[in-house]
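The file model-v8.txt contains compact mmCIF, C-alpha atoms:
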# COMPACT_ATOMS: atom_id res chain seq x y z
CA MET L 179 0.00 0.00 0.00
CA SER L 180 2.78 2.40 0.85
CA GLU L 181 4.24 1.80 -2.63
CA HIS L 182 1.19 3.52 -4.16
CA PRO L 183 0.59 6.56 -1.93
CA LYS L 184 -1.64 8.31 -4.49
CA ALA L 185 -3.85 5.30 -5.18
CA LYS L 186 -7.55 6.10 -5.21
CA MET L 187 -8.76 2.50 -5.24
CA ILE L 188 -7.09 -0.80 -4.47
CA TYR L 189 -8.78 -4.18 -4.67
CA LEU L 190 -7.62 -7.77 -4.70
CA THR L 191 -8.83 -10.51 -7.03
CA GLU L 192 -8.08 -14.22 -7.32
CA PRO L 193 -8.94 -15.06 -10.94
CA LYS L 194 -7.39 -18.51 -10.60
CA TYR L 195 -6.69 -20.63 -7.55
CA ARG L 196 -3.64 -19.19 -5.73
CA GLU L 197 -3.16 -16.38 -8.25
CA TYR L 198 -3.47 -13.08 -6.41
CA ILE L 199 -3.85 -9.91 -8.45
CA LEU L 200 -3.76 -6.50 -6.77
CA ASN L 201 -5.50 -3.85 -8.89
CA VAL L 202 -4.33 -0.33 -8.09
CA GLY L 203 -6.23 2.65 -9.49
CA GLY L 204 -4.47 5.97 -9.71
CA GLU L 205 -5.78 9.51 -9.76
CA ASP L 206 -6.08 9.29 -13.55
CA GLY L 207 -8.50 6.34 -13.28
CA VAL L 208 -6.07 3.90 -14.89
CA TYR L 209 -5.59 0.59 -13.08
CA GLN L 210 -2.30 -1.19 -12.75
CA ARG L 211 -2.39 -4.95 -12.17
CA VAL L 212 0.26 -6.43 -9.87
CA GLN L 213 0.58 -10.18 -9.37
CA LEU L 214 1.41 -11.04 -5.75
CA THR L 215 3.07 -14.05 -4.20
CA GLU L 216 1.52 -15.59 -1.09
CA LEU L 217 4.23 -13.93 1.01
CA GLN L 218 3.46 -10.50 -0.49
CA LEU L 219 -0.25 -11.07 0.12
CA SER L 220 0.43 -12.01 3.73
CA ARG L 221 2.52 -8.87 4.23
CA LEU L 222 -0.18 -6.74 2.63
CA VAL L 223 -2.81 -8.15 5.00
CA ASP L 224 -0.51 -7.62 7.99
CA GLU L 225 0.18 -4.02 6.95
CA GLY L 226 -3.53 -3.32 6.52
CA ALA L 227 -4.34 -4.88 9.90
CA GLY L 228 -1.65 -2.75 11.52
CA MET L 229 -3.07 0.40 9.94
CA LEU L 230 -6.56 -0.50 11.18
CA ARG L 231 -5.25 -1.24 14.68
CA GLY L 232 -3.48 2.13 14.78
CA TYR L 233 -6.62 3.92 13.63
CA LEU L 234 -8.77 2.19 16.23
CA GLU L 235 -6.28 2.90 19.02
CA GLU L 236 -6.17 6.54 17.97
CA ARG L 237 -9.98 6.78 18.08
CA ALA L 238 -10.24 5.10 21.53
If you took the structure in this file and wrote it as structure tokens, what would it be?
Amino acid sequence: MSEHPKAKMIYLTEPKYREYILNVGGEDGVYQRVQLTELQLSRLVDEGAGMLRGYLEERA
């Protein structure tokens, strides 16, 4: 996520079993497709969970 700081929309798809595609939409509306390994996916989920935890702690 931090690699695309100006991303307007990011979503994950799994078109085939164990094929993870991250679709990143920029300010211009153009999407870039990035194929992820399972390790990259795991790190992405961990990073997102950490961001959510920080937000929730800040709001508490």
One-decimal distance in Å that lies between atom CA of Gly228 of chain L and atom CA of Gln213 of chain L: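 Value for the atom CA of Gln213 of chain L-atom CA of Gly228 of chain L distance: 22.3 Å.
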Residues within 12 Å of segment 187-199 of chain L, all atoms listed in the file, excluding chain neighbours under 6 positions, as number ranges by chain: L: 179-181, 205-220, 222-223, 226
Atom CA of Leu200 of chain L to atom CA of Leu234 of chain L, straight-line distance in Å: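 Atom-to-atom, atom CA of Leu234 of chain L to atom CA of Leu200 of chain L, that is 25.1 Å.
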Distance criterion (only C-alpha atoms): nearest to Lys184 of chain L out of L:Met229, L:Val202, L:Arg221, L:Arg237: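 Ranking L:Met229, L:Val202, L:Arg221, L:Arg237 by distance to Lys184 of chain L, first place goes to L:Val202.
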Step by step, gather every atom of segment 216-230 of chain L that the file lists, find the box along x, y and z that holds them, add 4 Å on each side, and finally give centre and edge lengths in Å to one decimal, as AutoDock Vina command-line options.
--center_x -1.2 --center_y -7.6 --center_z 5.2 --size_x 18.8 --size_y 24.0 --size_z 20.6
